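Engineer: There's a structure below that I have some questions on.
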Amino acid sequence: MSDVGKIINKVREIKPIPAIVSKAFALLSEEDYDIGEVEKVISLDPGITADLLKMANSPFYGFKSKIDTVKRAIVVLGSKNVLDIIITLHATTFIKKDAPGYSIEAKQMWLHALMVAFTCDAIARKLGLRSDVAYTAGLLHDVGKQVLGEFLKKKVENALQIVKDENVSFLEAERRVIGTDHAEVGAIIAENWNFPRELVNAIRFHHEPHKSEELSELTCLVHVADCMVLSSGIGTGTDGLAYEIDPKALEKLGISSIDPTFIDSAYLELAEKLKDIENELGE
Amino acid sequence: MVIVVGMGDMKVGENPGSILTYALGSCIGISAYDPVLKVGGILHYMLPDASLDPNKARKNPYMFGNTGIPLLFKSLYKLGVVKSRIQVKIAGGADMFNALGAFNIGKRNYMMARKLLWKNGILITTEDVGGTISRTMRLELDTGDVFIKCPGKEPYTL
(Lines give C-alpha, C1' and ligand atoms only; values in the text may rest on other atoms or scores of the structure.)
Protein backbone atom coordinates (compact mmCIF):
# COMPACT_ATOMS: atom_id res chain seq x y z
CA MET A 1 0.00 0.00 0.00
CA SER A 2 1.24 3.51 -0.72
CA ASP A 3 2.08 5.88 2.11
CA VAL A 4 -0.99 7.93 1.27
CA GLY A 5 -3.22 4.85 1.54
CA LYS A 6 -1.70 3.98 4.91
CA ILE A 7 -2.13 7.55 6.10
CA ILE A 8 -5.82 7.51 5.17
CA ASN A 9 -6.21 4.29 7.18
CA LYS A 10 -4.47 5.89 10.16
CA VAL A 11 -6.79 8.88 9.99
CA ARG A 12 -9.80 6.56 10.08
CA GLU A 13 -8.45 5.03 13.30
CA ILE A 14 -8.52 8.38 15.08
CA LYS A 15 -11.27 8.50 17.67
CA PRO A 16 -14.30 10.68 16.95
CA ILE A 17 -14.62 13.81 19.05
CA PRO A 18 -17.02 13.67 21.99
CA ALA A 19 -20.49 15.12 21.50
CA ILE A 20 -19.84 17.87 24.03
CA VAL A 21 -16.96 19.23 21.96
CA SER A 22 -18.92 19.27 18.70
CA LYS A 23 -21.74 20.98 20.54
CA ALA A 24 -19.29 23.57 21.86
CA PHE A 25 -18.20 24.16 18.27
CA ALA A 26 -21.72 24.53 17.02
CA LEU A 27 -22.43 27.12 19.71
CA LEU A 28 -19.22 29.05 18.97
CA SER A 29 -20.11 29.30 15.31
CA GLU A 30 -23.51 30.84 16.05
CA GLU A 31 -23.83 34.59 16.00
CA ASP A 32 -25.26 34.80 19.49
CA TYR A 33 -26.00 32.01 21.84
CA ASP A 34 -27.73 31.56 25.15
CA ILE A 35 -25.48 31.25 28.20
CA GLY A 36 -27.98 28.81 29.68
CA GLU A 37 -27.44 26.52 26.75
CA VAL A 38 -23.67 26.57 27.21
CA GLU A 39 -24.14 25.78 30.88
CA LYS A 40 -26.49 22.90 30.09
CA VAL A 41 -24.11 21.30 27.61
CA ILE A 42 -21.13 21.47 29.97
CA SER A 43 -22.96 20.29 33.06
CA LEU A 44 -23.83 17.04 31.27
CA ASP A 45 -20.19 16.00 31.50
CA PRO A 46 -18.79 15.80 35.06
CA GLY A 47 -15.22 15.19 33.86
CA ILE A 48 -15.17 18.31 31.72
CA THR A 49 -16.94 20.31 34.43
CA ALA A 50 -14.19 19.41 36.89
CA ASP A 51 -11.43 20.23 34.41
CA LEU A 52 -13.08 23.50 33.47
CA LEU A 53 -13.32 24.64 37.09
CA LYS A 54 -9.73 23.62 37.73
CA MET A 55 -8.58 25.68 34.77
CA ALA A 56 -10.80 28.65 35.65
CA ASN A 57 -9.25 28.72 39.13
CA SER A 58 -5.67 28.45 37.88
CA PRO A 59 -3.32 31.42 38.27
CA PHE A 60 -3.45 31.79 34.48
CA TYR A 61 -6.78 33.61 34.77
CA GLY A 62 -5.85 35.21 38.03
CA PHE A 63 -9.25 35.50 39.72
CA LYS A 64 -9.11 36.00 43.46
CA SER A 65 -12.52 34.62 44.34
CA LYS A 66 -13.15 30.94 43.83
CA ILE A 67 -15.08 29.87 40.76
CA ASP A 68 -17.11 26.88 41.90
CA THR A 69 -19.94 26.49 39.40
CA VAL A 70 -20.16 26.27 35.64
CA LYS A 71 -22.47 29.25 35.62
CA ARG A 72 -20.01 31.35 37.61
CA ALA A 73 -17.22 30.32 35.22
CA ILE A 74 -19.30 31.46 32.27
CA VAL A 75 -20.15 34.78 33.91
CA VAL A 76 -16.57 35.49 35.00
CA LEU A 77 -14.64 34.19 31.99
CA GLY A 78 -17.25 34.78 29.30
CA SER A 79 -18.88 31.99 27.35
CA LYS A 80 -16.40 32.17 24.48
CA ASN A 81 -13.50 31.56 26.83
CA VAL A 82 -15.35 28.70 28.46
CA LEU A 83 -16.02 27.05 25.11
CA ASP A 84 -12.37 27.59 24.13
CA ILE A 85 -11.29 25.91 27.36
CA ILE A 86 -13.46 22.87 26.64
CA ILE A 87 -12.00 22.49 23.18
CA THR A 88 -8.49 23.02 24.55
CA LEU A 89 -8.97 20.37 27.22
CA HIS A 90 -10.06 17.92 24.59
CA ALA A 91 -7.39 18.89 22.06
CA THR A 92 -4.58 17.96 24.46
CA THR A 93 -5.37 14.29 23.92
CA PHE A 94 -4.38 14.37 20.28
CA ILE A 95 -2.01 17.34 20.03
CA LYS A 96 0.09 16.89 23.16
CA LYS A 97 2.05 13.98 21.75
CA ASP A 98 5.56 13.59 20.37
CA ALA A 99 5.70 14.16 16.63
CA PRO A 100 8.38 11.80 15.31
CA GLY A 101 9.95 12.78 12.03
CA TYR A 102 9.59 16.42 13.02
CA SER A 103 11.51 15.69 16.25
CA ILE A 104 9.11 17.81 18.28
CA GLU A 105 8.39 16.71 21.85
CA ALA A 106 4.84 16.57 23.18
CA LYS A 107 5.26 19.64 25.35
CA GLN A 108 6.62 21.69 22.46
CA MET A 109 3.84 20.52 20.11
CA TRP A 110 1.34 21.68 22.68
CA LEU A 111 3.09 24.98 23.31
CA HIS A 112 3.16 25.72 19.57
CA ALA A 113 -0.56 24.90 19.23
CA LEU A 114 -1.52 27.07 22.20
CA MET A 115 0.61 29.96 20.99
CA VAL A 116 -0.89 29.88 17.50
CA ALA A 117 -4.37 29.71 19.03
CA PHE A 118 -3.76 32.73 21.25
CA THR A 119 -2.06 34.65 18.45
CA CYS A 120 -5.01 33.98 16.10
CA ASP A 121 -7.34 35.36 18.70
CA ALA A 122 -5.09 38.35 19.43
CA ILE A 123 -4.68 39.31 15.76
CA ALA A 124 -8.41 38.91 15.14
CA ARG A 125 -9.15 41.29 18.01
CA LYS A 126 -6.47 43.74 16.88
CA LEU A 127 -7.99 43.84 13.42
CA GLY A 128 -11.58 43.84 14.67
CA LEU A 129 -12.42 40.56 12.94
CA ARG A 130 -14.77 37.78 14.00
CA SER A 131 -12.75 35.52 16.21
CA ASP A 132 -15.23 32.82 17.20
CA VAL A 133 -13.44 29.78 15.84
CA ALA A 134 -10.04 31.44 15.31
CA TYR A 135 -8.72 30.05 18.57
CA THR A 136 -9.80 26.52 17.72
CA ALA A 137 -8.43 26.70 14.19
CA GLY A 138 -5.11 27.84 15.62
CA LEU A 139 -5.09 25.08 18.17
CA LEU A 140 -5.68 22.36 15.59
CA HIS A 141 -3.80 23.64 12.55
CA ASP A 142 -0.93 21.12 12.85
CA VAL A 143 -2.98 18.08 13.89
CA GLY A 144 -1.85 16.40 10.65
CA LYS A 145 1.74 16.28 11.90
CA GLN A 146 0.70 13.64 14.41
CA VAL A 147 -0.18 11.20 11.63
CA LEU A 148 2.33 12.30 9.01
CA GLY A 149 5.26 12.26 11.44
CA GLU A 150 5.40 8.46 11.52
CA PHE A 151 5.78 8.37 7.75
CA LEU A 152 8.20 11.25 7.67
CA LYS A 153 10.57 9.56 10.11
CA LYS A 154 12.42 7.50 7.50
CA LYS A 155 12.38 10.25 4.89
CA VAL A 156 13.13 13.39 6.82
CA GLU A 157 16.74 13.66 5.61
CA ASN A 158 15.51 13.34 2.07
CA ALA A 159 12.91 16.07 2.64
CA LEU A 160 15.49 18.42 4.16
CA GLN A 161 17.79 17.84 1.20
CA ILE A 162 15.00 18.87 -1.17
CA VAL A 163 14.39 22.05 0.86
CA LYS A 164 18.08 22.85 0.73
CA ASP A 165 18.80 21.98 -2.90
CA GLU A 166 15.68 23.36 -4.49
CA ASN A 167 14.81 26.14 -2.09
CA VAL A 168 11.24 24.91 -1.74
CA SER A 169 9.11 24.82 1.42
CA PHE A 170 9.06 21.85 3.76
CA LEU A 171 5.40 21.37 2.81
CA GLU A 172 6.41 20.83 -0.81
CA ALA A 173 9.18 18.49 0.34
CA GLU A 174 6.63 16.44 2.34
CA ARG A 175 4.56 16.06 -0.82
CA ARG A 176 7.59 14.95 -2.81
CA VAL A 177 8.76 12.29 -0.34
CA ILE A 178 5.40 11.08 1.02
CA GLY A 179 2.80 12.08 -1.53
CA THR A 180 0.84 14.37 0.78
CA ASP A 181 1.52 17.04 3.40
CA HIS A 182 0.61 17.70 7.06
CA ALA A 183 -1.89 20.44 6.20
CA GLU A 184 -3.86 18.13 3.90
CA VAL A 185 -3.76 15.26 6.38
CA GLY A 186 -4.93 17.63 9.13
CA ALA A 187 -7.84 18.72 6.95
CA ILE A 188 -8.86 15.10 6.36
CA ILE A 189 -8.80 14.47 10.10
CA ALA A 190 -10.98 17.56 10.65
CA GLU A 191 -13.37 16.38 7.93
CA ASN A 192 -13.62 13.03 9.67
CA TRP A 193 -14.63 14.89 12.81
CA ASN A 194 -17.33 16.67 10.82
CA PHE A 195 -15.84 20.05 11.57
CA PRO A 196 -17.33 23.08 9.79
CA ARG A 197 -16.01 23.57 6.29
CA GLU A 198 -14.42 26.91 7.16
CA LEU A 199 -12.35 25.25 9.85
CA VAL A 200 -11.35 22.35 7.59
CA ASN A 201 -10.19 24.83 4.97
CA ALA A 202 -8.23 26.88 7.48
CA ILE A 203 -6.29 23.74 8.41
CA ARG A 204 -5.89 22.62 4.79
CA PHE A 205 -4.57 25.96 3.53
CA HIS A 206 -2.76 27.27 6.59
CA HIS A 207 0.57 27.30 4.75
CA GLU A 208 -0.83 28.21 1.33
CA PRO A 209 -3.83 30.51 1.68
CA HIS A 210 -3.52 31.52 -1.99
CA LYS A 211 -4.54 27.99 -3.03
CA SER A 212 -7.87 28.32 -1.26
CA GLU A 213 -10.72 29.12 -3.66
CA GLU A 214 -12.69 31.10 -1.12
CA LEU A 215 -9.85 32.83 0.69
CA SER A 216 -11.38 33.25 4.15
CA GLU A 217 -10.23 35.57 6.88
CA LEU A 218 -9.95 32.55 9.15
CA THR A 219 -7.43 30.83 6.86
CA CYS A 220 -5.41 34.04 6.64
CA LEU A 221 -5.48 34.50 10.42
CA VAL A 222 -4.18 31.00 11.05
CA HIS A 223 -1.51 31.51 8.41
CA VAL A 224 -0.24 34.78 9.84
CA ALA A 225 -0.39 33.54 13.45
CA ASP A 226 1.49 30.37 12.50
CA CYS A 227 4.12 32.40 10.63
CA MET A 228 4.66 34.52 13.73
CA VAL A 229 4.96 31.58 16.10
CA LEU A 230 7.21 29.68 13.67
CA SER A 231 9.40 32.76 13.33
CA SER A 232 9.70 32.96 17.11
CA GLY A 233 11.02 29.38 17.05
CA ILE A 234 8.40 28.11 19.53
CA GLY A 235 7.78 24.40 18.98
CA THR A 236 9.70 24.23 15.73
CA GLY A 237 11.13 20.91 14.63
CA THR A 238 13.25 19.54 11.83
CA ASP A 239 11.03 21.51 9.45
CA GLY A 240 12.08 24.70 11.23
CA LEU A 241 10.93 27.90 9.58
CA ALA A 242 11.04 26.42 6.09
CA TYR A 243 7.59 27.56 4.99
CA GLU A 244 6.43 30.37 2.75
CA ILE A 245 4.82 33.57 3.95
CA ASP A 246 1.86 34.26 1.66
CA PRO A 247 1.54 37.97 0.78
CA LYS A 248 -2.08 37.34 -0.27
CA ALA A 249 -2.99 36.54 3.34
CA LEU A 250 -1.38 39.74 4.63
CA GLU A 251 -3.20 41.71 1.96
CA LYS A 252 -6.55 40.10 2.76
CA LEU A 253 -6.20 40.99 6.43
CA GLY A 254 -5.04 44.49 5.55
CA ILE A 255 -1.67 44.05 7.24
CA SER A 256 0.95 46.17 5.57
CA SER A 257 3.96 44.12 4.62
CA ILE A 258 6.18 47.19 4.78
CA ASP A 259 5.33 48.75 8.14
CA PRO A 260 6.95 46.63 10.84
CA THR A 261 4.86 48.06 13.70
CA PHE A 262 1.94 45.67 13.43
CA ILE A 263 4.01 42.53 13.11
CA ASP A 264 6.53 43.58 15.76
CA SER A 265 3.86 44.61 18.28
CA ALA A 266 2.02 41.34 17.80
CA TYR A 267 5.35 39.59 18.25
CA LEU A 268 5.89 41.31 21.59
CA GLU A 269 2.43 40.30 22.79
CA LEU A 270 3.24 36.76 21.79
CA ALA A 271 6.34 36.79 23.99
CA GLU A 272 4.37 37.98 26.99
CA LYS A 273 1.72 35.35 26.41
CA LEU A 274 4.45 32.72 26.21
CA LYS A 275 5.59 33.57 29.74
CA ASP A 276 2.01 33.16 31.05
CA ILE A 277 1.56 29.85 29.30
CA GLU A 278 4.91 28.50 30.40
CA ASN A 279 4.08 29.39 34.00
CA GLU A 280 0.75 27.65 33.60
CA LEU A 281 2.20 24.50 32.07
CA GLY A 282 5.05 24.42 34.57
CA GLU A 283 8.68 24.38 33.56
CA MET B 1 24.74 23.97 36.84
CA VAL B 2 22.77 24.82 33.72
CA ILE B 3 21.42 28.34 33.54
CA VAL B 4 18.48 28.63 31.12
CA VAL B 5 17.87 31.88 29.29
CA GLY B 6 14.27 32.37 28.14
CA MET B 7 13.04 34.33 25.16
CA GLY B 8 13.70 38.02 25.77
CA ASP B 9 16.09 37.34 28.62
CA MET B 10 19.79 37.49 29.56
CA LYS B 11 21.87 35.58 32.08
CA VAL B 12 25.52 35.67 33.07
CA GLY B 13 27.49 33.06 34.99
CA GLU B 14 30.89 31.75 35.90
CA ASN B 15 32.63 28.41 35.72
CA PRO B 16 31.61 25.68 36.49
CA GLY B 17 28.40 25.28 34.52
CA SER B 18 26.80 26.22 31.26
CA ILE B 19 24.30 28.71 29.90
CA LEU B 20 21.59 27.48 27.55
CA THR B 21 18.93 29.10 25.40
CA TYR B 22 16.31 27.16 23.43
CA ALA B 23 14.73 27.58 20.04
CA LEU B 24 16.28 30.62 18.46
CA GLY B 25 14.13 31.16 15.39
CA SER B 26 14.36 34.70 14.12
CA CYS B 27 15.55 35.76 17.57
CA ILE B 28 19.26 36.33 18.11
CA GLY B 29 21.38 34.63 20.72
CA ILE B 30 24.60 36.42 21.62
CA SER B 31 27.12 34.55 23.69
CA ALA B 32 29.97 36.58 25.22
CA TYR B 33 32.81 34.95 27.15
CA ASP B 34 36.05 35.90 28.87
CA PRO B 35 38.43 32.89 28.69
CA VAL B 36 40.69 34.19 31.46
CA LEU B 37 37.97 34.67 34.08
CA LYS B 38 35.82 31.89 32.61
CA VAL B 39 32.84 34.19 32.90
CA GLY B 40 30.21 34.55 30.22
CA GLY B 41 26.63 35.35 29.34
CA ILE B 42 23.92 34.80 26.77
CA LEU B 43 21.34 37.32 25.60
CA HIS B 44 18.27 36.05 23.70
CA TYR B 45 16.45 39.02 22.15
CA MET B 46 13.37 39.02 19.95
CA LEU B 47 13.26 42.30 18.11
CA PRO B 48 15.88 44.78 17.00
CA ASP B 49 14.67 48.14 18.20
CA ALA B 50 13.28 49.26 21.56
CA SER B 51 11.76 52.39 20.04
CA LEU B 52 8.80 50.18 19.07
CA ASP B 53 7.59 50.20 22.67
CA PRO B 54 9.73 52.15 25.15
CA ASN B 55 7.49 51.16 28.07
CA LYS B 56 7.94 47.48 27.45
CA ALA B 57 11.64 48.06 26.88
CA ARG B 58 11.94 49.67 30.31
CA LYS B 59 10.15 46.72 31.87
CA ASN B 60 12.21 44.17 29.97
CA PRO B 61 15.17 45.58 28.04
CA TYR B 62 16.25 42.07 26.99
CA MET B 63 13.41 41.82 24.49
CA PHE B 64 15.24 44.21 22.19
CA GLY B 65 18.66 44.21 20.60
CA ASN B 66 19.54 47.85 21.13
CA THR B 67 18.67 47.77 24.84
CA GLY B 68 19.73 44.17 25.57
CA ILE B 69 23.17 44.14 23.95
CA PRO B 70 24.64 47.02 26.01
CA LEU B 71 23.28 45.41 29.20
CA LEU B 72 24.87 42.05 28.37
CA PHE B 73 28.28 43.71 28.16
CA LYS B 74 27.73 45.96 31.19
CA SER B 75 26.78 42.92 33.28
CA LEU B 76 29.98 41.17 32.21
CA TYR B 77 32.18 44.22 32.87
CA LYS B 78 30.74 44.35 36.40
CA LEU B 79 32.10 40.85 36.92
CA GLY B 80 35.54 42.02 35.87
CA VAL B 81 35.43 40.88 32.27
CA VAL B 82 37.89 42.70 30.02
CA LYS B 83 36.59 43.91 26.69
CA SER B 84 39.64 42.97 24.65
CA ARG B 85 39.37 39.35 25.78
CA ILE B 86 35.67 38.83 25.04
CA GLN B 87 34.77 36.11 22.55
CA VAL B 88 31.45 36.89 20.91
CA LYS B 89 29.48 34.17 19.15
CA ILE B 90 26.12 34.71 17.50
CA ALA B 91 23.34 32.33 16.46
CA GLY B 92 19.75 32.60 15.23
CA GLY B 93 18.31 35.21 12.90
CA ALA B 94 16.45 32.68 10.74
CA ASP B 95 13.54 33.74 8.58
CA MET B 96 10.75 32.00 6.73
CA PHE B 97 10.79 31.82 2.95
CA ASN B 98 9.50 34.90 1.24
CA ALA B 99 9.87 36.93 4.46
CA LEU B 100 9.16 40.25 2.83
CA GLY B 101 9.45 43.65 4.44
CA ALA B 102 8.24 43.64 8.01
CA PHE B 103 8.34 39.89 8.35
CA ASN B 104 12.08 39.50 8.00
CA ILE B 105 12.56 39.78 11.72
CA GLY B 106 15.62 37.52 11.67
CA LYS B 107 17.50 39.69 9.24
CA ARG B 108 16.59 42.90 11.04
CA ASN B 109 17.67 41.34 14.34
CA TYR B 110 21.01 40.28 12.92
CA MET B 111 21.67 43.71 11.41
CA MET B 112 21.14 45.31 14.82
CA ALA B 113 23.71 42.99 16.43
CA ARG B 114 26.27 43.70 13.71
CA LYS B 115 25.70 47.42 13.89
CA LEU B 116 25.97 47.74 17.68
CA LEU B 117 28.96 45.43 18.03
CA TRP B 118 30.80 47.20 15.23
CA LYS B 119 30.05 50.62 16.72
CA ASN B 120 31.51 49.47 20.02
CA GLY B 121 34.59 47.91 18.48
CA ILE B 122 33.68 44.35 19.41
CA LEU B 123 34.56 41.65 16.91
CA ILE B 124 32.34 38.67 16.26
CA THR B 125 34.46 35.55 16.82
CA THR B 126 32.13 33.23 14.95
CA GLU B 127 28.48 32.97 14.00
CA ASP B 128 25.78 30.68 12.64
CA VAL B 129 22.92 32.86 11.46
CA GLY B 130 20.15 32.98 8.88
CA GLY B 131 18.57 30.15 6.94
CA THR B 132 15.25 28.58 7.91
CA ILE B 133 16.29 26.49 10.91
CA SER B 134 15.78 26.94 14.63
CA ARG B 135 18.77 26.60 16.92
CA THR B 136 19.48 25.87 20.54
CA MET B 137 22.65 27.50 21.87
CA ARG B 138 24.77 26.34 24.81
CA LEU B 139 27.83 28.08 26.25
CA GLU B 140 30.22 25.93 28.30
CA LEU B 141 31.71 28.20 30.94
CA ASP B 142 34.73 25.97 31.46
CA THR B 143 36.03 26.11 27.89
CA GLY B 144 34.04 28.87 26.21
CA ASP B 145 32.84 26.38 23.62
CA VAL B 146 29.46 27.19 22.14
CA PHE B 147 27.34 24.30 20.89
CA ILE B 148 24.51 24.67 18.42
CA LYS B 149 21.77 22.07 18.25
CA CYS B 150 19.03 21.87 15.64
CA PRO B 151 15.97 19.59 16.01
CA GLY B 152 16.73 16.01 14.98
CA LYS B 153 20.47 16.72 14.58
CA GLU B 154 23.58 16.22 16.66
CA PRO B 155 25.04 19.33 18.31
CA TYR B 156 28.12 20.89 16.79
CA THR B 157 30.71 23.40 18.01
CA LEU B 158 30.34 26.93 16.76
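By convention in this document, the chains of the C-alpha coordinates carry letters A, B, ... by their order, each chain's residues are numbered from 1, and ligands are numbered from 1 in the order they are shown.
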Give me every alpha helix (DSSP H) residue in range 46-269 of chain A, going by DSSP on the backbone, as a PyMOL selection string.
Structural biologist: chain A and resi 46-56+70-77+79-95+106-127+134-140+144-152+156-166+170-178+182-192+197-204+217-232+247-253+260-269
Engineer: Show me, as a list in words, the residues that have an atom within 6 Å of range 234-244 of chain A when counting only C-alpha atoms, minus same-chain residues fewer than 4 positions from it.
Structural biologist: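 Selected residues are Tyr102, Ser103, Ile104, Gln108, Met109, His112, Ser169, Phe170, Val229 and Leu230 of chain A; Met96, Phe97, Asn98, Thr132, Ile133, Ser134, Pro151 and Gly152 of chain B.
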Engineer: When the cut-off is 10 Å and we count only C-alpha atoms, which residues of chain B are near chain A, given as a ChimeraX atom specification?
Structural biologist: /B:6-8,22-27,46-49,52-53,56,63-64,92-106,131-136,150-153
Engineer: What is the CA of Thr67 in chain B-CA of Tyr45 in chain B distance in Å, reported with one decimal?
Structural biologist: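 A separation of 9.4 Å between them.
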Engineer: Name all residues at most 12 Å from Leu77 in chain A (count only C-alpha atoms; drop same-chain ones fewer than 2 positions away) and give them as a PDB file with N, CA and C atoms, in the first residue's frame.
Structural biologist:
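And here's part-v3.pdb as it stands now:
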ATOM      1  N   ILE A  35     -26.405  31.732  27.164  1.00  0.00           N
ATOM      2  CA  ILE A  35     -25.485  31.248  28.198  1.00  0.00           C
ATOM      3  C   ILE A  35     -26.040  29.984  28.858  1.00  0.00           C
ATOM      4  N   LEU A  52     -12.806  22.091  33.759  1.00  0.00           N
ATOM      5  CA  LEU A  52     -13.079  23.502  33.473  1.00  0.00           C
ATOM      6  C   LEU A  52     -12.890  24.341  34.733  1.00  0.00           C
ATOM      7  N   LEU A  53     -13.421  23.870  35.846  1.00  0.00           N
ATOM      8  CA  LEU A  53     -13.323  24.635  37.088  1.00  0.00           C
ATOM      9  C   LEU A  53     -11.867  24.708  37.560  1.00  0.00           C
ATOM     10  N   MET A  55      -9.267  24.716  35.649  1.00  0.00           N
ATOM     11  CA  MET A  55      -8.581  25.676  34.768  1.00  0.00           C
ATOM     12  C   MET A  55      -8.997  27.106  35.107  1.00  0.00           C
ATOM     13  N   ALA A  56     -10.296  27.300  35.354  1.00  0.00           N
ATOM     14  CA  ALA A  56     -10.804  28.646  35.652  1.00  0.00           C
ATOM     15  C   ALA A  56     -10.180  29.189  36.927  1.00  0.00           C
ATOM     16  N   ASN A  57      -9.837  28.296  37.854  1.00  0.00           N
ATOM     17  CA  ASN A  57      -9.249  28.719  39.129  1.00  0.00           C
ATOM     18  C   ASN A  57      -7.723  28.769  39.101  1.00  0.00           C
ATOM     19  N   PHE A  60      -3.453  31.266  35.840  1.00  0.00           N
ATOM     20  CA  PHE A  60      -3.447  31.791  34.478  1.00  0.00           C
ATOM     21  C   PHE A  60      -4.519  32.860  34.297  1.00  0.00           C
ATOM     22  N   TYR A  61      -5.702  32.631  34.883  1.00  0.00           N
ATOM     23  CA  TYR A  61      -6.781  33.612  34.767  1.00  0.00           C
ATOM     24  C   TYR A  61      -6.757  34.634  35.895  1.00  0.00           C
ATOM     25  N   GLY A  62      -6.112  34.259  36.967  1.00  0.00           N
ATOM     26  CA  GLY A  62      -5.852  35.214  38.035  1.00  0.00           C
ATOM     27  C   GLY A  62      -7.059  35.787  38.760  1.00  0.00           C
ATOM     28  N   PHE A  63      -8.115  34.994  38.950  1.00  0.00           N
ATOM     29  CA  PHE A  63      -9.253  35.501  39.723  1.00  0.00           C
ATOM     30  C   PHE A  63      -9.058  35.173  41.196  1.00  0.00           C
ATOM     31  N   ILE A  67     -14.035  30.145  41.733  1.00  0.00           N
ATOM     32  CA  ILE A  67     -15.080  29.866  40.762  1.00  0.00           C
ATOM     33  C   ILE A  67     -15.514  28.417  40.986  1.00  0.00           C
ATOM     34  N   THR A  69     -18.870  27.068  40.223  1.00  0.00           N
ATOM     35  CA  THR A  69     -19.935  26.489  39.399  1.00  0.00           C
ATOM     36  C   THR A  69     -19.683  26.830  37.933  1.00  0.00           C
ATOM     37  N   VAL A  70     -20.290  26.033  37.076  1.00  0.00           N
ATOM     38  CA  VAL A  70     -20.157  26.270  35.640  1.00  0.00           C
ATOM     39  C   VAL A  70     -20.713  27.651  35.294  1.00  0.00           C
ATOM     40  N   LYS A  71     -21.835  27.963  35.907  1.00  0.00           N
ATOM     41  CA  LYS A  71     -22.473  29.247  35.620  1.00  0.00           C
ATOM     42  C   LYS A  71     -21.544  30.407  35.978  1.00  0.00           C
ATOM     43  N   ARG A  72     -20.928  30.298  37.153  1.00  0.00           N
ATOM     44  CA  ARG A  72     -20.007  31.347  37.614  1.00  0.00           C
ATOM     45  C   ARG A  72     -18.817  31.460  36.633  1.00  0.00           C
ATOM     46  N   ALA A  73     -18.335  30.317  36.182  1.00  0.00           N
ATOM     47  CA  ALA A  73     -17.216  30.322  35.221  1.00  0.00           C
ATOM     48  C   ALA A  73     -17.624  31.071  33.955  1.00  0.00           C
ATOM     49  N   ILE A  74     -18.840  30.816  33.498  1.00  0.00           N
ATOM     50  CA  ILE A  74     -19.301  31.461  32.267  1.00  0.00           C
ATOM     51  C   ILE A  74     -19.427  32.968  32.474  1.00  0.00           C
ATOM     52  N   VAL A  75     -19.959  33.357  33.632  1.00  0.00           N
ATOM     53  CA  VAL A  75     -20.148  34.782  33.910  1.00  0.00           C
ATOM     54  C   VAL A  75     -18.784  35.483  34.017  1.00  0.00           C
ATOM     55  N   SER A  79     -18.560  33.321  27.893  1.00  0.00           N
ATOM     56  CA  SER A  79     -18.876  31.993  27.349  1.00  0.00           C
ATOM     57  C   SER A  79     -17.894  31.583  26.252  1.00  0.00           C
ATOM     58  N   LYS A  80     -17.358  32.556  25.518  1.00  0.00           N
ATOM     59  CA  LYS A  80     -16.402  32.167  24.478  1.00  0.00           C
ATOM     60  C   LYS A  80     -15.162  31.515  25.094  1.00  0.00           C
ATOM     61  N   ASN A  81     -14.665  32.132  26.166  1.00  0.00           N
ATOM     62  CA  ASN A  81     -13.497  31.560  26.834  1.00  0.00           C
ATOM     63  C   ASN A  81     -13.791  30.164  27.368  1.00  0.00           C
ATOM     64  N   VAL A  82     -14.993  29.997  27.902  1.00  0.00           N
ATOM     65  CA  VAL A  82     -15.353  28.703  28.460  1.00  0.00           C
ATOM     66  C   VAL A  82     -15.389  27.641  27.356  1.00  0.00           C
ATOM     67  N   LEU A  83     -15.974  27.995  26.228  1.00  0.00           N
ATOM     68  CA  LEU A  83     -16.020  27.045  25.114  1.00  0.00           C
ATOM     69  C   LEU A  83     -14.603  26.749  24.602  1.00  0.00           C
ATOM     70  N   ASP A  84     -13.767  27.794  24.546  1.00  0.00           N
ATOM     71  CA  ASP A  84     -12.368  27.594  24.134  1.00  0.00           C
ATOM     72  C   ASP A  84     -11.658  26.623  25.086  1.00  0.00           C
ATOM     73  N   ILE A  85     -11.937  26.785  26.379  1.00  0.00           N
ATOM     74  CA  ILE A  85     -11.290  25.912  27.364  1.00  0.00           C
ATOM     75  C   ILE A  85     -11.696  24.454  27.135  1.00  0.00           C
TER      76      ILE A  85
END
Engineer: Taking into account only C-alpha atoms, which residue in the set A:Ile203, A:Ala26, A:Val177, A:Leu114 is nearest to Gln161 in chain A?
Structural biologist: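 Closest to Gln161 in chain A, using only C-alpha atoms: A:Val177.
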Engineer: State, in Å with one decimal place, the distance from CA of Lys252 in chain A to CA of His207 in chain A.
Structural biologist: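 Atom-to-atom, CA of Lys252 in chain A and CA of His207 in chain A are spaced 14.8 Å apart.
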Engineer: Let me make sure I understand: among A:Glu184, A:Glu150, A:Glu269, A:Asp132, which one has the smallest atom-to-atom distance to Phe25 in chain A if we use only C-alpha atoms?
Structural biologist: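 Closest residue, counting only C-alpha atoms: A:Asp132.
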Engineer: So which one's closest to Val143 in chain A, A:Lys97, A:Arg175, A:Lys155, A:Arg130? Using only C-alpha atoms, please.
Structural biologist: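 For Val143 in chain A, the nearest of the given residues is A:Lys97.
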Engineer: To one decimal place, how far is CA of Leu27 in chain A from CA of Ile123 in chain A in Å?
Structural biologist: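 Interatomic distance, CA of Leu27 in chain A to CA of Ile123 in chain A: 21.9 Å.
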